[in-house]
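*Asks:* This is the structure, below, for whatever I ask next.
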Amino acid sequence: MITQKIFDDTKTAFELKSNEELNRALFLFNMINRPSLVKIGTYLTKVSLKLHLPVEGLIKKTIFNQFSGGETTEDCMKVIDKMYTKKLHSILDYSVEGKEEEAQFDAAMKKKISVIEFASEKKELPYAVFKPTGIGRFGIWEKVSSKETLSIQEEEEWARVKNRVDLICEAAYKNDISVLADSEESWMQDAVDDLIEEMMEKYNKEKEIVFNTLQCYRWDRLNYLQALHLKAKAAGYKLGVKIVRGAYMEKENERAHKMGYPTPICESKEATDVSFNGVLAYCLAHIDDISLFVGTHNEMSNYLALQIMEDKNIAINDSRVWFSQLYGMSDHISLNLAKKGYNTAKLVPFGPVREVIPYLIRRAEENTSVKGQTGRELALLIEEKKRRKGEPTKGNRE
């Protein structure tokens, strides 16, 4: 029986943090715990960057260092190697967003492939990741999803997008490393789902190379997964499924209200939990057909996964089940799972400071909307600080 105390071990959770790093995390989560401050900080950061004010140094010392592994893959290896000493793996995520030009999309694709090749030589890096809108214009994904007729130019543009996705998945296949396709807003996700299904059918014949991400705050995801499972079995390929709760709730509800269609989002936090846990249980019940990547900061869902694995005699280190949290967050989950022997990885964003800021801002905004998440982080950080004060001084903590 899984006891619900695994994640209370703050010594394990924060053993990689110096006192200085612990204090920085305390300061940042105190700020993030105040939505009004996040709004003000976001506004000032955007204005400062637009005016080219010299704020990058301050950002790098605070939010960038907390939630990003560095500016280059080489920078990140310091962080990655440190975590790997505690059996915690990493996933490098080149987190440059908001591009609109074809040359930028080609450059992003090449960067993703170079990261895949880099990761294939590192036992610490079991997965790669890409964001569909990082390699193709949002508008084209949206138009394909809505089944609108494309112009000749748009047909050519969409062909280039599909080719970029195929080249990334092909690189993952050739380098024998799994690749996670991020999820996007619902009004462009159908095109992502369809294309990633094509990639899974092409590259997942022997093992799960290509993974799609299901945002389980959408009430239709379990039905989608069940239908996809039947389709995959009939076509003879395996499914790679990453499950998350979701990142665009306010935007989704606002758009649905404005345009007069039923929101795709679950009606409540409780309904979202039911949706997520239902998808989780379905994947683990069909583990011979579905490899599962559990991307959640929710403790109860992680406990549920551990309990189902125990009940179904799925080994804690079964390669078909991985757990993951974002770098800089939920160390009490990641490091304690890794210590127990579960396959666990941190998603480690990286890239030039100025280019990664939009990603970091989005993460800060998301945290303010997750009920109880930031408060739990704060409580654990405070608990660890108190614990350390009760210990004899350790030189390596300073």
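Ordered as shown in the structure tokens, chains take letters A, B, and onward, while each chain numbers its residues from 1 and ligands are numbered from 1 in the order shown.
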I'd like the contact shell of segment 309-311 of chain A - 8 Å cut-off, only C-alpha atoms, skipping same-chain residues fewer than 3 positions apart - returned as a PyMOL selection string.
*Replies:* chain A and resi 1-2+284+305-306+314-316
*Asks:* Just the selected residues (N, CA, C and O atoms), exported as a CSV table (one decimal), in the first residue's frame, please.
*Replies:*
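Saved as part.csv:
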chain,number,residue,atom,x,y,z
A,1,MET,N,0.8,-1.2,0.0
A,1,MET,CA,0.0,0.0,0.0
A,1,MET,C,0.9,1.3,0.0
A,1,MET,O,1.8,1.4,0.8
A,2,ILE,N,0.6,2.2,-0.9
A,2,ILE,CA,1.4,3.4,-1.0
A,2,ILE,C,0.9,4.4,0.1
A,2,ILE,O,-0.3,4.7,0.2
A,284,LEU,N,-2.6,3.1,-17.7
A,284,LEU,CA,-2.0,2.0,-16.9
A,284,LEU,C,-2.7,0.7,-17.0
A,284,LEU,O,-2.1,-0.4,-16.9
A,305,ALA,N,-1.2,7.1,-9.3
A,305,ALA,CA,-0.4,6.4,-10.3
A,305,ALA,C,0.5,5.3,-9.6
A,305,ALA,O,0.6,4.2,-10.1
A,306,LEU,N,1.1,5.7,-8.5
A,306,LEU,CA,1.9,4.8,-7.7
A,306,LEU,C,1.1,3.6,-7.2
A,306,LEU,O,1.5,2.4,-7.3
A,314,ILE,N,3.0,-3.5,-11.8
A,314,ILE,CA,3.9,-2.8,-12.7
A,314,ILE,C,5.2,-2.3,-12.0
A,314,ILE,O,5.1,-1.6,-11.0
A,315,ALA,N,6.3,-2.8,-12.4
A,315,ALA,CA,7.6,-2.5,-11.7
A,315,ALA,C,7.8,-1.0,-11.6
A,315,ALA,O,7.4,-0.2,-12.5
A,316,ILE,N,8.3,-0.5,-10.5
A,316,ILE,CA,8.5,1.0,-10.3
A,316,ILE,C,9.4,1.6,-11.3
A,316,ILE,O,9.3,2.8,-11.6
*Asks:* Taking the DSSP secondary structure from the backbone, can you list the residues of segment 227-319 of chain A that are alpha helix (DSSP H), as a PyMOL selection string?
*Replies:* chain A and resi 227-235+249-259+269-285+299-311
*Asks:* Of the candidates A:Asn302, A:Thr374, A:Asn313, A:Thr72, which shows the shortest atom-to-atom distance to Ala285 of chain A, using only C-alpha atoms?
*Replies:*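 Under the stated criterion, the closest residue is A:Asn313.
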*Asks:* I'd like to know which of A:Gly69, A:Gly57, A:Gly246, A:Gly41 is closest to Pro349 of chain A, using only C-alpha atoms.
*Replies:*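 Closest to Pro349 of chain A of all the choices is A:Gly69.
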*Asks:* Rounded to one decimal place, report the atom CA of Leu26 of chain A-atom CA of Glu377 of chain A distance in Å.
*Replies:*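 Going from atom CA of Leu26 of chain A over to atom CA of Glu377 of chain A, I get 8.6 Å.
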*Asks:* When you look at Arg164 of chain A with a cut-off of 10 Å (counting only C-alpha atoms), what residues show up, excluding the ones that are within fewer than 3 positions of it in the same chain? I need them as a ChimeraX atom specification.
*Replies:* /A:105-106,108-110,113,132,135-136,158-161,167-170
*Asks:* Run DSSP on the backbone and give me the residues of segment 311-369 of chain A it puts in strand (DSSP E), as a PyMOL selection string.
*Replies:* chain A and resi 321-326+344-350
*Asks:* Rounded to one decimal in Å, what is the spacing between atom CA of Lys123 of chain A and atom CA of Met77 of chain A?
*Replies:*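 Here the two named atoms are 11.9 Å from each other.
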*Asks:* Counting only C-alpha atoms, figure out which residue out of A:Tyr359, A:Asn33, A:Tyr173, A:Arg354 gets nearest to Leu58 of chain A.
*Replies:*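 When distances to Leu58 of chain A are compared using only C-alpha atoms, the smallest one comes from A:Arg354.
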*Asks:* What lies within 8 Å of Phe7 of chain A using only C-alpha atoms, ignoring chain neighbours under 2 positions off, as a PDB file with N, CA, C and O atoms, in the first residue's frame?
*Replies:*
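out37.pdb written:
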ATOM      1  N   GLN A   4       0.786   8.025   1.878  1.00  0.00           N
ATOM      2  CA  GLN A   4       0.805   9.370   1.326  1.00  0.00           C
ATOM      3  C   GLN A   4       1.698  10.307   2.146  1.00  0.00           C
ATOM      4  O   GLN A   4       1.284  11.357   2.599  1.00  0.00           O
ATOM      5  N   LYS A   5       2.955   9.890   2.316  1.00  0.00           N
ATOM      6  CA  LYS A   5       3.915  10.737   3.016  1.00  0.00           C
ATOM      7  C   LYS A   5       5.229  10.858   2.241  1.00  0.00           C
ATOM      8  O   LYS A   5       6.158  11.509   2.706  1.00  0.00           O
ATOM      9  N   ASP A   9       9.070  14.612   2.530  1.00  0.00           N
ATOM     10  CA  ASP A   9      10.492  14.583   2.883  1.00  0.00           C
ATOM     11  C   ASP A   9      11.206  15.783   2.251  1.00  0.00           C
ATOM     12  O   ASP A   9      11.667  15.728   1.116  1.00  0.00           O
ATOM     13  N   THR A  10      11.328  16.879   3.007  1.00  0.00           N
ATOM     14  CA  THR A  10      11.933  18.096   2.452  1.00  0.00           C
ATOM     15  C   THR A  10      13.452  17.989   2.368  1.00  0.00           C
ATOM     16  O   THR A  10      14.067  18.656   1.535  1.00  0.00           O
ATOM     17  N   ALA A  13      13.919  16.493  -0.907  1.00  0.00           N
ATOM     18  CA  ALA A  13      13.402  17.402  -1.929  1.00  0.00           C
ATOM     19  C   ALA A  13      14.365  18.524  -2.274  1.00  0.00           C
ATOM     20  O   ALA A  13      14.504  18.904  -3.440  1.00  0.00           O
ATOM     21  N   GLU A 299      -0.095  16.151  -6.286  1.00  0.00           N
ATOM     22  CA  GLU A 299       0.384  15.046  -5.469  1.00  0.00           C
ATOM     23  C   GLU A 299      -0.570  13.858  -5.488  1.00  0.00           C
ATOM     24  O   GLU A 299      -0.150  12.703  -5.576  1.00  0.00           O
ATOM     25  N   HIS A 332       9.804  18.369  -4.331  1.00  0.00           N
ATOM     26  CA  HIS A 332       9.393  17.372  -3.330  1.00  0.00           C
ATOM     27  C   HIS A 332       8.776  16.143  -3.993  1.00  0.00           C
ATOM     28  O   HIS A 332       8.827  15.054  -3.428  1.00  0.00           O
ATOM     29  N   ILE A 333       8.231  16.317  -5.196  1.00  0.00           N
ATOM     30  CA  ILE A 333       7.708  15.172  -5.945  1.00  0.00           C
ATOM     31  C   ILE A 333       8.833  14.500  -6.722  1.00  0.00           C
ATOM     32  O   ILE A 333       9.063  13.289  -6.597  1.00  0.00           O
ATOM     33  N   ASN A 336      11.858  12.917  -4.572  1.00  0.00           N
ATOM     34  CA  ASN A 336      11.413  11.795  -3.745  1.00  0.00           C
ATOM     35  C   ASN A 336      11.006  10.600  -4.588  1.00  0.00           C
ATOM     36  O   ASN A 336      11.254   9.448  -4.206  1.00  0.00           O
TER      37      ASN A 336
END
*Asks:* What is the atom CA of Glu71 of chain A to atom CA of Val353 of chain A distance in Å?
*Replies:*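 Atom CA of Val353 of chain A lies 6.6 Å from atom CA of Glu71 of chain A.
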*Asks:* When you count only C-alpha atoms, which of these residues is closest to Arg362 of chain A: A:Ser48, A:Asn23, A:Ser95, A:Ser146?
*Replies:*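 Going through A:Ser48, A:Asn23, A:Ser95, A:Ser146 one by one, the smallest distance to Arg362 of chain A is for A:Ser95.
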*Asks:* Would you kindly return, as an NGL selection string, each protein, DNA or RNA residue with an atom no farther than 12 Å from any atom of Val192 of chain A, considering only C-alpha atoms and excluding same-chain residues fewer than 4 positions away?
*Replies:* :A and (130-133 or 135-136 or 138 or 140-146 or 158 or 161-162 or 165 or 181-188 or 196-199 or 211-214)
*Asks:* Please provide as a list in words all residues within 7 Å of Val129 of chain A, with the sequence filter that same-chain residues fewer than 5 positions apart are discarded (counting only C-alpha atoms).
*Replies:*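 Contacts, with the query itself left out: Asp93, Val179, Leu180 and Ala181 of chain A.
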*Asks:* Output N, CA, C and O atoms for every residue in the selection just made, as a tab-separated table (two decimals), in the first residue's frame.
*Replies:*
chain	number	residue	atom	x	y	z
A	93	ASP	N	14.41	21.43	-23.11
A	93	ASP	CA	13.34	22.07	-23.87
A	93	ASP	C	13.80	23.46	-24.32
A	93	ASP	O	13.89	24.38	-23.52
A	179	VAL	N	10.24	11.32	-28.33
A	179	VAL	CA	10.02	12.76	-28.46
A	179	VAL	C	8.58	13.09	-28.09
A	179	VAL	O	7.63	12.39	-28.51
A	180	LEU	N	8.42	14.12	-27.28
A	180	LEU	CA	7.10	14.56	-26.80
A	180	LEU	C	6.64	15.77	-27.59
A	180	LEU	O	7.35	16.77	-27.67
A	181	ALA	N	5.44	15.67	-28.18
A	181	ALA	CA	4.85	16.83	-28.85
A	181	ALA	C	3.97	17.56	-27.85
A	181	ALA	O	3.04	16.98	-27.29
*Asks:* Skipping near chain neighbours, those fewer than 4 positions away, what residues fall within 12 Å of Leu228 of chain A using only C-alpha atoms, listed as a count of residues only?
*Replies:* 26
